[in-house]
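Comments concern the structure below.
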Amino acid sequence: MKNDPQSLVSKKILESKRIAIASHLRPDGDSICTSLALSFMGELLGKEVDIINKDNTPFPLNHLSDIEKIKIGQISPQNYDLVILLECANVSRSGHKNINDSFKINIDHHYSNDYYADINWVDPEASAVAEMIYSLGEKLKIQFTPQIANHLYCGIVSDTGSFQFSNTSAKCFEVCHKLIKHGASSIKMAEFLFNNNSPEKIKLLGQVISTLQMNKKGNIANITMFKKHLDSLNFKEIDTEDITTLARSIKGLDMVLFFKEIKKNTFRVSLRSKGTANAAFVAEHFGGGGHLHAAGFTVTGPYQNLISEIPEKVEFLLNKQKKSKKTDKQNSNKSN
């Protein structure tokens with residue numbers, strides 16, 4: 001179909017000469033690796049492409065090959081005829097302040113999205129935006145190089161937690177199969193993403209896990225990373241997904257709340273859930289968003305109040321969700 005979002009994205013990229021690509025604030029492996037792959041794809045098409053992120057690249061992604069292509073700062077809209085935002089639910093999520101009048105393409109695989117751009121390509125069924133960009137590359141008849149394939153493979157593996165998260169699908173395995181045939185190294189990427197920790201990172205993991213608290217039912221856990229943890233180990237930016245994954249492995253758990261202190265009385269709360277527990281539903285209640293099993297939001301207030309009130313509210317929301325599903329099922333059975 002000529003007017004499906006992917007076709008519109010393809011057409012606009014082919015029409016454009018100078019393109020800026022941006023990830024969301026606190027960029028992750030999917031957005032960073034996909035932006036690198038997309039920039040090389042654009043260059044193969046004869047485009048001038050810049051990657052400009054508001055926030056710095058966290059470890060270990062700051063050691064990726066080609067990472068020097070990513071600039072840190074603000075997009076100057078007069079320099080580009082197209083701005084592509086990756087995994088940004090809205091413009092503010094990108095951190096860029098001067099692009100309201102720019103022609104924007106919004107590419108996202110999260111359930112929560114404001115559909116704010118001139119072209120919105122949002123596919124919650126996709127495992128990662130890297131998977132979406134691979135299919136875009138096929139549509140554009142890109143000759144996938146090992147360089148591009150490695151970045152896209154890294155994005156998918158990163159966002160699926162090495163194929164452990166609920167966004168893992170048959171399609172993402174199919175895409176990864178093709179990427180490996182194009183030259184992606186599964187061993188090299190796994191080693192880079194998951195076996196690249198410093199002794200300090202392991203110490204941090206111990207400090208954070210020592211804050212573990214559980215509710216009485218045993219289905220909700222919360223852990224906390226204070227700024228003093230990072231400061232004591234000389235960390236500025238750190239990937240903490242593996243810490244959340246470790247807590248999420250507790251038997252009988254529905255959801256993990258990971259409180260990360262941003263500044264005094266301000267915490268970013270990352271949610272990771274299992275089974276039918278809807279992390280996006282919970283995050284949206286607090287003004288955030290995300291996936292079914294991976295979401296987040298920001299809260300402010302004294303820590304002792306937050307660590308008491310937020311988990312209680314989450315438990316209430318999960319119970320409400322379960323009751324709603326039970327009612328829906330009963331109504332469905334009656335109608336049948």
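Residue numbering restarts at 1 for every chain of the structure tokens, chains are lettered A, B, ... in their displayed order, and ligands are numbered from 1 as they appear.
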
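Proximity to A:Asp242 at 9 Å, evaluated using only C-alpha atoms and with sequence-adjacent residues fewer than 2 positions away removed, yields Gly161, Phe194, Leu205, Asp239, Thr240, Thr244, Thr245, Leu246 and Ala247 of chain A.
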
Find the residues near stretch 29-41 of chain A: any atom within 8 Å, counting only C-alpha atoms, skip ones fewer than 6 places away on the same chain, and give them as a PDB file with N, CA and C atoms, in the first residue's frame.
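In the end it all went to around_36.pdb:
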```pdb
ATOM      1  N   ILE A  21      18.901  12.451  12.829  1.00  0.00           N
ATOM      2  CA  ILE A  21      18.304  11.340  13.578  1.00  0.00           C
ATOM      3  C   ILE A  21      18.554  11.584  15.058  1.00  0.00           C
ATOM      4  N   ALA A  22      17.531  11.367  15.879  1.00  0.00           N
ATOM      5  CA  ALA A  22      17.690  11.552  17.320  1.00  0.00           C
ATOM      6  C   ALA A  22      17.038  10.410  18.082  1.00  0.00           C
ATOM      7  N   SER A  23      17.677  10.005  19.172  1.00  0.00           N
ATOM      8  CA  SER A  23      17.118   9.031  20.108  1.00  0.00           C
ATOM      9  C   SER A  23      16.368   9.765  21.210  1.00  0.00           C
ATOM     10  N   VAL A  49      23.643  12.536   6.589  1.00  0.00           N
ATOM     11  CA  VAL A  49      22.923  12.130   7.796  1.00  0.00           C
ATOM     12  C   VAL A  49      23.749  12.444   9.036  1.00  0.00           C
ATOM     13  N   ASP A  50      23.120  13.101  10.001  1.00  0.00           N
ATOM     14  CA  ASP A  50      23.745  13.352  11.301  1.00  0.00           C
ATOM     15  C   ASP A  50      22.894  12.721  12.392  1.00  0.00           C
ATOM     16  N   ILE A  51      23.557  12.151  13.397  1.00  0.00           N
ATOM     17  CA  ILE A  51      22.877  11.656  14.594  1.00  0.00           C
ATOM     18  C   ILE A  51      23.170  12.647  15.709  1.00  0.00           C
ATOM     19  N   THR A  57      25.771   8.956  25.618  1.00  0.00           N
ATOM     20  CA  THR A  57      25.616   7.513  25.416  1.00  0.00           C
ATOM     21  C   THR A  57      26.133   6.768  26.639  1.00  0.00           C
ATOM     22  N   LEU A  61      27.580   1.073  25.701  1.00  0.00           N
ATOM     23  CA  LEU A  61      27.283   1.480  24.333  1.00  0.00           C
ATOM     24  C   LEU A  61      28.209   2.580  23.836  1.00  0.00           C
ATOM     25  N   ASP A  66      31.860   2.890  15.639  1.00  0.00           N
ATOM     26  CA  ASP A  66      31.161   3.988  14.946  1.00  0.00           C
ATOM     27  C   ASP A  66      30.464   4.954  15.888  1.00  0.00           C
ATOM     28  N   ILE A  67      30.661   4.813  17.205  1.00  0.00           N
ATOM     29  CA  ILE A  67      29.939   5.657  18.153  1.00  0.00           C
ATOM     30  C   ILE A  67      30.302   7.130  17.989  1.00  0.00           C
ATOM     31  N   LYS A  69      30.103   8.802  15.498  1.00  0.00           N
ATOM     32  CA  LYS A  69      29.140   9.444  14.605  1.00  0.00           C
ATOM     33  C   LYS A  69      28.052  10.200  15.378  1.00  0.00           C
ATOM     34  N   ILE A  70      27.853   9.828  16.643  1.00  0.00           N
ATOM     35  CA  ILE A  70      26.789  10.454  17.435  1.00  0.00           C
ATOM     36  C   ILE A  70      27.288  11.750  18.069  1.00  0.00           C
ATOM     37  N   LEU A  86      13.544   8.488  17.043  1.00  0.00           N
ATOM     38  CA  LEU A  86      13.435   7.064  17.349  1.00  0.00           C
ATOM     39  C   LEU A  86      12.981   6.854  18.789  1.00  0.00           C
ATOM     40  N   GLU A  87      11.908   6.096  18.959  1.00  0.00           N
ATOM     41  CA  GLU A  87      11.387   5.725  20.283  1.00  0.00           C
ATOM     42  C   GLU A  87      11.045   6.943  21.146  1.00  0.00           C
ATOM     43  N   ALA A 128      11.580  -4.286  18.383  1.00  0.00           N
ATOM     44  CA  ALA A 128      12.495  -3.156  18.541  1.00  0.00           C
ATOM     45  C   ALA A 128      12.374  -2.271  17.317  1.00  0.00           C
ATOM     46  N   VAL A 129      12.817  -1.011  17.438  1.00  0.00           N
ATOM     47  CA  VAL A 129      12.830  -0.181  16.233  1.00  0.00           C
ATOM     48  C   VAL A 129      13.869  -0.717  15.252  1.00  0.00           C
ATOM     49  N   ALA A 130      14.866  -1.426  15.765  1.00  0.00           N
ATOM     50  CA  ALA A 130      15.854  -2.054  14.873  1.00  0.00           C
ATOM     51  C   ALA A 130      15.177  -3.032  13.919  1.00  0.00           C
ATOM     52  N   ILE A 133      13.462  -0.948  11.257  1.00  0.00           N
ATOM     53  CA  ILE A 133      14.391  -0.351  10.301  1.00  0.00           C
ATOM     54  C   ILE A 133      14.953  -1.407   9.353  1.00  0.00           C
ATOM     55  N   GLY A 137      14.805  -1.071   5.403  1.00  0.00           N
ATOM     56  CA  GLY A 137      15.959  -1.279   4.535  1.00  0.00           C
ATOM     57  C   GLY A 137      15.639  -2.207   3.372  1.00  0.00           C
ATOM     58  N   ILE A 142      18.193  -1.731   0.303  1.00  0.00           N
ATOM     59  CA  ILE A 142      19.534  -1.486   0.826  1.00  0.00           C
ATOM     60  C   ILE A 142      20.370  -2.766   0.723  1.00  0.00           C
ATOM     61  N   GLN A 147      28.465  -4.116   8.810  1.00  0.00           N
ATOM     62  CA  GLN A 147      28.418  -2.983   9.737  1.00  0.00           C
ATOM     63  C   GLN A 147      26.976  -2.646  10.110  1.00  0.00           C
ATOM     64  N   ILE A 148      26.112  -2.506   9.119  1.00  0.00           N
ATOM     65  CA  ILE A 148      24.708  -2.210   9.365  1.00  0.00           C
ATOM     66  C   ILE A 148      24.035  -3.371  10.082  1.00  0.00           C
ATOM     67  N   ALA A 149      24.335  -4.601   9.632  1.00  0.00           N
ATOM     68  CA  ALA A 149      23.722  -5.792  10.227  1.00  0.00           C
ATOM     69  C   ALA A 149      24.070  -5.924  11.700  1.00  0.00           C
ATOM     70  N   HIS A 151      24.806  -3.530  13.850  1.00  0.00           N
ATOM     71  CA  HIS A 151      24.104  -2.518  14.648  1.00  0.00           C
ATOM     72  C   HIS A 151      22.638  -2.894  14.837  1.00  0.00           C
ATOM     73  N   LEU A 152      21.980  -3.372  13.790  1.00  0.00           N
ATOM     74  CA  LEU A 152      20.570  -3.750  13.913  1.00  0.00           C
ATOM     75  C   LEU A 152      20.412  -4.972  14.810  1.00  0.00           C
ATOM     76  N   CYS A 154      22.408  -5.828  17.234  1.00  0.00           N
ATOM     77  CA  CYS A 154      22.675  -5.353  18.594  1.00  0.00           C
ATOM     78  C   CYS A 154      21.440  -4.674  19.181  1.00  0.00           C
ATOM     79  N   GLY A 155      20.734  -3.893  18.359  1.00  0.00           N
ATOM     80  CA  GLY A 155      19.531  -3.214  18.831  1.00  0.00           C
ATOM     81  C   GLY A 155      18.451  -4.184  19.258  1.00  0.00           C
ATOM     82  N   ILE A 156      18.243  -5.237  18.461  1.00  0.00           N
ATOM     83  CA  ILE A 156      17.205  -6.230  18.781  1.00  0.00           C
ATOM     84  C   ILE A 156      17.583  -7.036  20.018  1.00  0.00           C
ATOM     85  N   SER A 158      19.571  -6.231  22.423  1.00  0.00           N
ATOM     86  CA  SER A 158      19.542  -5.355  23.591  1.00  0.00           C
ATOM     87  C   SER A 158      18.123  -5.159  24.102  1.00  0.00           C
ATOM     88  N   ASP A 159      17.182  -4.886  23.185  1.00  0.00           N
ATOM     89  CA  ASP A 159      15.824  -4.538  23.610  1.00  0.00           C
ATOM     90  C   ASP A 159      14.983  -5.758  23.984  1.00  0.00           C
TER      91      ASP A 159
END
```

- Message: I'd like the neighbourhood of stretch 164-170 of chain A as a PyMOL selection string, where a residue qualifies if any of its atoms comes within 10 Å (using only C-alpha atoms), though same-chain residues fewer than 2 positions away should be ignored.
- Response: chain A and resi 109+124-128+156-157+159-162+172-176+245+272-275+291-294

- Item | Residues flagged helix (DSSP H, G or I) by DSSP in stretch 134-195 of chain A, as a PyMOL selection string | chain A and resi 134-139+146-159+170-181+186-194

Deliver the residues from the most recent selection as a file, using N, CA and C atoms, as a short mmCIF file (atom, residue, chain, number, x, y, z; two decimals), in the first residue's frame.
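Saved the output as part_25.cif:
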```cif
data_model
loop_
_atom_site.label_atom_id
_atom_site.label_comp_id
_atom_site.auth_asym_id
_atom_site.auth_seq_id
_atom_site.Cartn_x
_atom_site.Cartn_y
_atom_site.Cartn_z
N TYR A 134 15.06 -2.65 9.82
CA TYR A 134 15.49 -3.70 8.90
C TYR A 134 14.47 -3.85 7.77
N SER A 135 13.19 -3.88 8.11
CA SER A 135 12.17 -4.02 7.07
C SER A 135 12.14 -2.78 6.17
N LEU A 136 12.43 -1.61 6.73
CA LEU A 136 12.54 -0.40 5.92
C LEU A 136 13.69 -0.53 4.93
N GLY A 137 14.81 -1.07 5.40
CA GLY A 137 15.96 -1.28 4.53
C GLY A 137 15.64 -2.21 3.37
N GLU A 138 14.87 -3.25 3.67
CA GLU A 138 14.45 -4.15 2.59
C GLU A 138 13.60 -3.40 1.57
N LYS A 139 12.70 -2.55 2.06
CA LYS A 139 11.83 -1.79 1.16
C LYS A 139 12.65 -0.83 0.29
N PRO A 146 27.90 -5.87 6.73
CA PRO A 146 28.09 -6.41 8.08
C PRO A 146 28.01 -5.32 9.15
N GLN A 147 28.46 -4.12 8.81
CA GLN A 147 28.42 -2.98 9.74
C GLN A 147 26.98 -2.65 10.11
N ILE A 148 26.11 -2.51 9.12
CA ILE A 148 24.71 -2.21 9.37
C ILE A 148 24.04 -3.37 10.08
N ALA A 149 24.33 -4.60 9.63
CA ALA A 149 23.72 -5.79 10.23
C ALA A 149 24.07 -5.92 11.70
N ASN A 150 25.32 -5.65 12.06
CA ASN A 150 25.73 -5.75 13.46
C ASN A 150 24.98 -4.76 14.33
N HIS A 151 24.81 -3.53 13.85
CA HIS A 151 24.10 -2.52 14.65
C HIS A 151 22.64 -2.89 14.84
N LEU A 152 21.98 -3.37 13.79
CA LEU A 152 20.57 -3.75 13.91
C LEU A 152 20.41 -4.97 14.81
N TYR A 153 21.31 -5.93 14.67
CA TYR A 153 21.25 -7.12 15.53
C TYR A 153 21.45 -6.71 16.99
N CYS A 154 22.41 -5.83 17.23
CA CYS A 154 22.68 -5.35 18.59
C CYS A 154 21.44 -4.67 19.18
N GLY A 155 20.73 -3.89 18.36
CA GLY A 155 19.53 -3.21 18.83
C GLY A 155 18.45 -4.18 19.26
N ILE A 156 18.24 -5.24 18.46
CA ILE A 156 17.21 -6.23 18.78
C ILE A 156 17.58 -7.04 20.02
N VAL A 157 18.81 -7.51 20.07
CA VAL A 157 19.25 -8.31 21.22
C VAL A 157 19.18 -7.49 22.51
N SER A 158 19.57 -6.23 22.42
CA SER A 158 19.54 -5.35 23.59
C SER A 158 18.12 -5.16 24.10
N ASP A 159 17.18 -4.89 23.19
CA ASP A 159 15.82 -4.54 23.61
C ASP A 159 14.98 -5.76 23.98
N ALA A 170 8.55 -14.43 16.83
CA ALA A 170 9.06 -15.20 15.69
C ALA A 170 9.66 -14.27 14.65
N LYS A 171 9.03 -13.09 14.47
CA LYS A 171 9.52 -12.12 13.48
C LYS A 171 10.92 -11.64 13.83
N CYS A 172 11.17 -11.38 15.13
CA CYS A 172 12.50 -10.87 15.48
C CYS A 172 13.57 -11.94 15.29
N PHE A 173 13.22 -13.22 15.52
CA PHE A 173 14.17 -14.29 15.24
C PHE A 173 14.44 -14.39 13.73
N GLU A 174 13.38 -14.20 12.96
CA GLU A 174 13.53 -14.25 11.50
C GLU A 174 14.45 -13.13 11.01
N VAL A 175 14.25 -11.92 11.55
CA VAL A 175 15.09 -10.78 11.18
C VAL A 175 16.53 -11.02 11.61
N CYS A 176 16.73 -11.53 12.82
CA CYS A 176 18.09 -11.79 13.31
C CYS A 176 18.79 -12.85 12.45
N HIS A 177 18.02 -13.84 12.02
CA HIS A 177 18.57 -14.86 11.12
C HIS A 177 19.11 -14.20 9.84
N LYS A 178 18.33 -13.28 9.28
CA LYS A 178 18.75 -12.59 8.07
C LYS A 178 19.96 -11.69 8.34
N LEU A 179 19.96 -11.03 9.51
CA LEU A 179 21.08 -10.14 9.84
C LEU A 179 22.39 -10.91 9.98
N ILE A 180 22.32 -12.09 10.57
CA ILE A 180 23.52 -12.91 10.69
C ILE A 180 24.01 -13.35 9.32
N LYS A 181 23.08 -13.65 8.42
CA LYS A 181 23.46 -14.00 7.06
C LYS A 181 24.10 -12.81 6.34
N SER A 186 26.73 -12.77 16.14
CA SER A 186 25.95 -12.96 17.37
C SER A 186 26.85 -13.11 18.58
N ILE A 187 27.97 -13.79 18.43
CA ILE A 187 28.90 -13.99 19.56
C ILE A 187 29.52 -12.66 19.97
N LYS A 188 29.98 -11.91 19.00
CA LYS A 188 30.62 -10.62 19.29
C LYS A 188 29.66 -9.67 20.00
N MET A 189 28.40 -9.61 19.53
CA MET A 189 27.43 -8.71 20.13
C MET A 189 27.03 -9.15 21.54
N ALA A 190 26.87 -10.45 21.74
CA ALA A 190 26.53 -10.95 23.08
C ALA A 190 27.65 -10.65 24.07
N GLU A 191 28.89 -10.85 23.62
CA GLU A 191 30.04 -10.56 24.48
C GLU A 191 30.08 -9.08 24.83
N PHE A 192 29.82 -8.24 23.83
CA PHE A 192 29.87 -6.79 24.05
C PHE A 192 28.78 -6.32 25.02
N LEU A 193 27.56 -6.83 24.84
CA LEU A 193 26.43 -6.35 25.62
C LEU A 193 26.38 -6.92 27.04
N PHE A 194 26.75 -8.20 27.19
CA PHE A 194 26.45 -8.89 28.45
C PHE A 194 27.68 -9.37 29.22
#
```

- Write out as an NGL selection string all residues of stretch 33-212 of chain A that backbone DSSP assigns to strand (DSSP E). :A and (48-53 or 70-72 or 82-86 or 104-108 or 119-122)

Those same residues, written as a PDB file, in the first residue's frame with N, CA and C atoms?
```
ATOM      1  N   GLU A  48      23.011  13.055   3.305  1.00  0.00           N
ATOM      2  CA  GLU A  48      23.847  13.548   4.402  1.00  0.00           C
ATOM      3  C   GLU A  48      23.075  13.314   5.693  1.00  0.00           C
ATOM      4  N   VAL A  49      23.643  12.536   6.589  1.00  0.00           N
ATOM      5  CA  VAL A  49      22.923  12.130   7.796  1.00  0.00           C
ATOM      6  C   VAL A  49      23.749  12.444   9.036  1.00  0.00           C
ATOM      7  N   ASP A  50      23.120  13.101  10.001  1.00  0.00           N
ATOM      8  CA  ASP A  50      23.745  13.352  11.301  1.00  0.00           C
ATOM      9  C   ASP A  50      22.894  12.721  12.392  1.00  0.00           C
ATOM     10  N   ILE A  51      23.557  12.151  13.397  1.00  0.00           N
ATOM     11  CA  ILE A  51      22.877  11.656  14.594  1.00  0.00           C
ATOM     12  C   ILE A  51      23.170  12.647  15.709  1.00  0.00           C
ATOM     13  N   ILE A  52      22.121  13.227  16.282  1.00  0.00           N
ATOM     14  CA  ILE A  52      22.298  14.225  17.340  1.00  0.00           C
ATOM     15  C   ILE A  52      21.393  13.871  18.510  1.00  0.00           C
ATOM     16  N   ASN A  53      21.989  13.482  19.613  1.00  0.00           N
ATOM     17  CA  ASN A  53      21.240  13.139  20.824  1.00  0.00           C
ATOM     18  C   ASN A  53      21.408  14.220  21.876  1.00  0.00           C
ATOM     19  N   ILE A  70      27.853   9.828  16.643  1.00  0.00           N
ATOM     20  CA  ILE A  70      26.789  10.454  17.435  1.00  0.00           C
ATOM     21  C   ILE A  70      27.288  11.750  18.069  1.00  0.00           C
ATOM     22  N   LYS A  71      26.600  12.844  17.755  1.00  0.00           N
ATOM     23  CA  LYS A  71      26.912  14.133  18.346  1.00  0.00           C
ATOM     24  C   LYS A  71      25.956  14.394  19.511  1.00  0.00           C
ATOM     25  N   ILE A  72      26.434  15.124  20.494  1.00  0.00           N
ATOM     26  CA  ILE A  72      25.604  15.469  21.645  1.00  0.00           C
ATOM     27  C   ILE A  72      25.293  16.959  21.579  1.00  0.00           C
ATOM     28  N   LEU A  82      14.708  16.987   7.108  1.00  0.00           N
ATOM     29  CA  LEU A  82      13.977  15.890   7.738  1.00  0.00           C
ATOM     30  C   LEU A  82      14.598  15.564   9.089  1.00  0.00           C
ATOM     31  N   VAL A  83      13.749  15.394  10.103  1.00  0.00           N
ATOM     32  CA  VAL A  83      14.193  14.942  11.429  1.00  0.00           C
ATOM     33  C   VAL A  83      13.484  13.635  11.748  1.00  0.00           C
ATOM     34  N   ILE A  84      14.254  12.594  12.054  1.00  0.00           N
ATOM     35  CA  ILE A  84      13.696  11.286  12.415  1.00  0.00           C
ATOM     36  C   ILE A  84      13.918  11.064  13.906  1.00  0.00           C
ATOM     37  N   LEU A  85      12.826  10.858  14.643  1.00  0.00           N
ATOM     38  CA  LEU A  85      12.900  10.606  16.079  1.00  0.00           C
ATOM     39  C   LEU A  85      12.628   9.131  16.345  1.00  0.00           C
ATOM     40  N   LEU A  86      13.544   8.488  17.043  1.00  0.00           N
ATOM     41  CA  LEU A  86      13.435   7.064  17.349  1.00  0.00           C
ATOM     42  C   LEU A  86      12.981   6.854  18.789  1.00  0.00           C
ATOM     43  N   LYS A 104       8.907  16.026  10.617  1.00  0.00           N
ATOM     44  CA  LYS A 104       9.337  14.968  11.534  1.00  0.00           C
ATOM     45  C   LYS A 104       8.739  13.616  11.160  1.00  0.00           C
ATOM     46  N   ILE A 105       9.564  12.594  11.303  1.00  0.00           N
ATOM     47  CA  ILE A 105       9.108  11.208  11.221  1.00  0.00           C
ATOM     48  C   ILE A 105       9.272  10.583  12.597  1.00  0.00           C
ATOM     49  N   ASN A 106       8.219   9.985  13.080  1.00  0.00           N
ATOM     50  CA  ASN A 106       8.171   9.352  14.398  1.00  0.00           C
ATOM     51  C   ASN A 106       8.170   7.830  14.199  1.00  0.00           C
ATOM     52  N   ILE A 107       9.267   7.177  14.595  1.00  0.00           N
ATOM     53  CA  ILE A 107       9.378   5.723  14.466  1.00  0.00           C
ATOM     54  C   ILE A 107       9.485   5.127  15.868  1.00  0.00           C
ATOM     55  N   ASP A 108       8.526   4.283  16.224  1.00  0.00           N
ATOM     56  CA  ASP A 108       8.458   3.790  17.599  1.00  0.00           C
ATOM     57  C   ASP A 108       7.805   2.418  17.627  1.00  0.00           C
ATOM     58  N   ILE A 119       4.793  12.168   9.826  1.00  0.00           N
ATOM     59  CA  ILE A 119       4.597  10.758   9.497  1.00  0.00           C
ATOM     60  C   ILE A 119       4.829   9.961  10.771  1.00  0.00           C
ATOM     61  N   ASN A 120       3.855   9.160  11.171  1.00  0.00           N
ATOM     62  CA  ASN A 120       3.949   8.349  12.384  1.00  0.00           C
ATOM     63  C   ASN A 120       3.959   6.872  12.013  1.00  0.00           C
ATOM     64  N   TRP A 121       5.078   6.232  12.270  1.00  0.00           N
ATOM     65  CA  TRP A 121       5.196   4.794  12.042  1.00  0.00           C
ATOM     66  C   TRP A 121       5.398   4.140  13.406  1.00  0.00           C
ATOM     67  N   VAL A 122       4.312   3.687  13.978  1.00  0.00           N
ATOM     68  CA  VAL A 122       4.330   3.106  15.321  1.00  0.00           C
ATOM     69  C   VAL A 122       3.816   1.675  15.227  1.00  0.00           C
TER      70      VAL A 122
END
```

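Nearest to A:Val282 of all the residues A:Leu233, A:Ser112, A:Pro199, A:Leu14 is A:Ser112, based on only C-alpha atoms.
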
Env of A:Pro311: 12 Å cut, atoms = only C-alpha atoms, seq-sep filter 6 positions within chain, self excluded. Answer as a PDB file with N, CA and C atoms, in the first residue's frame.
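part_23.pdb written:
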```
ATOM      1  N   GLN A 213      13.197  -4.692  48.537  1.00  0.00           N
ATOM      2  CA  GLN A 213      12.048  -4.808  49.427  1.00  0.00           C
ATOM      3  C   GLN A 213      10.922  -5.496  48.675  1.00  0.00           C
ATOM      4  N   MET A 214      10.120  -6.271  49.396  1.00  0.00           N
ATOM      5  CA  MET A 214       8.997  -6.989  48.793  1.00  0.00           C
ATOM      6  C   MET A 214       7.708  -6.618  49.513  1.00  0.00           C
ATOM      7  N   ASN A 215       6.594  -6.651  48.800  1.00  0.00           N
ATOM      8  CA  ASN A 215       5.306  -6.485  49.473  1.00  0.00           C
ATOM      9  C   ASN A 215       4.931  -7.798  50.164  1.00  0.00           C
ATOM     10  N   LYS A 216       3.900  -7.778  51.000  1.00  0.00           N
ATOM     11  CA  LYS A 216       3.535  -8.963  51.784  1.00  0.00           C
ATOM     12  C   LYS A 216       3.155 -10.143  50.910  1.00  0.00           C
ATOM     13  N   LYS A 217       2.508  -9.856  49.802  1.00  0.00           N
ATOM     14  CA  LYS A 217       2.071 -10.918  48.899  1.00  0.00           C
ATOM     15  C   LYS A 217       3.234 -11.554  48.150  1.00  0.00           C
ATOM     16  N   GLY A 218       4.340 -10.828  48.031  1.00  0.00           N
ATOM     17  CA  GLY A 218       5.517 -11.350  47.355  1.00  0.00           C
ATOM     18  C   GLY A 218       5.486 -11.236  45.845  1.00  0.00           C
ATOM     19  N   ASN A 219       4.578 -10.400  45.319  1.00  0.00           N
ATOM     20  CA  ASN A 219       4.494 -10.278  43.861  1.00  0.00           C
ATOM     21  C   ASN A 219       5.021  -8.948  43.333  1.00  0.00           C
ATOM     22  N   ILE A 220       5.402  -8.043  44.246  1.00  0.00           N
ATOM     23  CA  ILE A 220       5.967  -6.759  43.840  1.00  0.00           C
ATOM     24  C   ILE A 220       7.259  -6.523  44.614  1.00  0.00           C
ATOM     25  N   ALA A 221       8.316  -6.188  43.868  1.00  0.00           N
ATOM     26  CA  ALA A 221       9.611  -5.888  44.483  1.00  0.00           C
ATOM     27  C   ALA A 221      10.037  -4.489  44.087  1.00  0.00           C
ATOM     28  N   ASN A 222      10.779  -3.823  44.956  1.00  0.00           N
ATOM     29  CA  ASN A 222      11.376  -2.559  44.561  1.00  0.00           C
ATOM     30  C   ASN A 222      12.833  -2.509  44.996  1.00  0.00           C
ATOM     31  N   ILE A 223      13.640  -1.933  44.137  1.00  0.00           N
ATOM     32  CA  ILE A 223      15.059  -1.727  44.411  1.00  0.00           C
ATOM     33  C   ILE A 223      15.380  -0.278  44.104  1.00  0.00           C
ATOM     34  N   MET A 255       5.968  -7.804  39.265  1.00  0.00           N
ATOM     35  CA  MET A 255       6.560  -6.545  38.800  1.00  0.00           C
ATOM     36  C   MET A 255       7.703  -6.094  39.692  1.00  0.00           C
ATOM     37  N   VAL A 256       8.734  -5.523  39.054  1.00  0.00           N
ATOM     38  CA  VAL A 256       9.848  -4.884  39.754  1.00  0.00           C
ATOM     39  C   VAL A 256       9.777  -3.384  39.521  1.00  0.00           C
ATOM     40  N   LEU A 257       9.944  -2.609  40.591  1.00  0.00           N
ATOM     41  CA  LEU A 257      10.043  -1.158  40.503  1.00  0.00           C
ATOM     42  C   LEU A 257      11.483  -0.773  40.831  1.00  0.00           C
ATOM     43  N   PHE A 258      12.169  -0.163  39.876  1.00  0.00           N
ATOM     44  CA  PHE A 258      13.559   0.228  40.080  1.00  0.00           C
ATOM     45  C   PHE A 258      13.608   1.752  40.191  1.00  0.00           C
ATOM     46  N   PHE A 259      13.804   2.252  41.432  1.00  0.00           N
ATOM     47  CA  PHE A 259      13.888   3.680  41.693  1.00  0.00           C
ATOM     48  C   PHE A 259      15.331   4.149  41.447  1.00  0.00           C
ATOM     49  N   VAL A 269      11.492   5.880  37.756  1.00  0.00           N
ATOM     50  CA  VAL A 269      11.089   4.531  38.173  1.00  0.00           C
ATOM     51  C   VAL A 269      10.930   3.661  36.923  1.00  0.00           C
ATOM     52  N   LEU A 271       9.905   0.087  35.338  1.00  0.00           N
ATOM     53  CA  LEU A 271       9.040  -1.050  35.655  1.00  0.00           C
ATOM     54  C   LEU A 271       9.367  -2.214  34.734  1.00  0.00           C
ATOM     55  N   VAL A 282       0.406   0.678  34.418  1.00  0.00           N
ATOM     56  CA  VAL A 282       0.850   1.279  35.677  1.00  0.00           C
ATOM     57  C   VAL A 282       1.586   2.593  35.405  1.00  0.00           C
ATOM     58  N   GLN A 304      11.396   8.325  51.401  1.00  0.00           N
ATOM     59  CA  GLN A 304      10.677   7.420  52.303  1.00  0.00           C
ATOM     60  C   GLN A 304       9.176   7.423  52.015  1.00  0.00           C
ATOM     61  N   ASN A 305       8.648   8.551  51.583  1.00  0.00           N
ATOM     62  CA  ASN A 305       7.231   8.600  51.204  1.00  0.00           C
ATOM     63  C   ASN A 305       6.990   7.835  49.908  1.00  0.00           C
ATOM     64  N   LEU A 317      -3.243  -0.934  41.527  1.00  0.00           N
ATOM     65  CA  LEU A 317      -3.470  -0.892  40.081  1.00  0.00           C
ATOM     66  C   LEU A 317      -3.424  -2.286  39.466  1.00  0.00           C
ATOM     67  N   LEU A 318      -2.514  -3.123  39.945  1.00  0.00           N
ATOM     68  CA  LEU A 318      -2.434  -4.491  39.421  1.00  0.00           C
ATOM     69  C   LEU A 318      -3.680  -5.286  39.795  1.00  0.00           C
TER      70      LEU A 318
END
```

- Query: A:Pro302: which residues within 12 Å, counting only C-alpha atoms, same-chain residues fewer than 2 positions away excluded, as an MDAnalysis selection string?
  - Reply: chainID A and resid 261 263:267 299:300 304:310
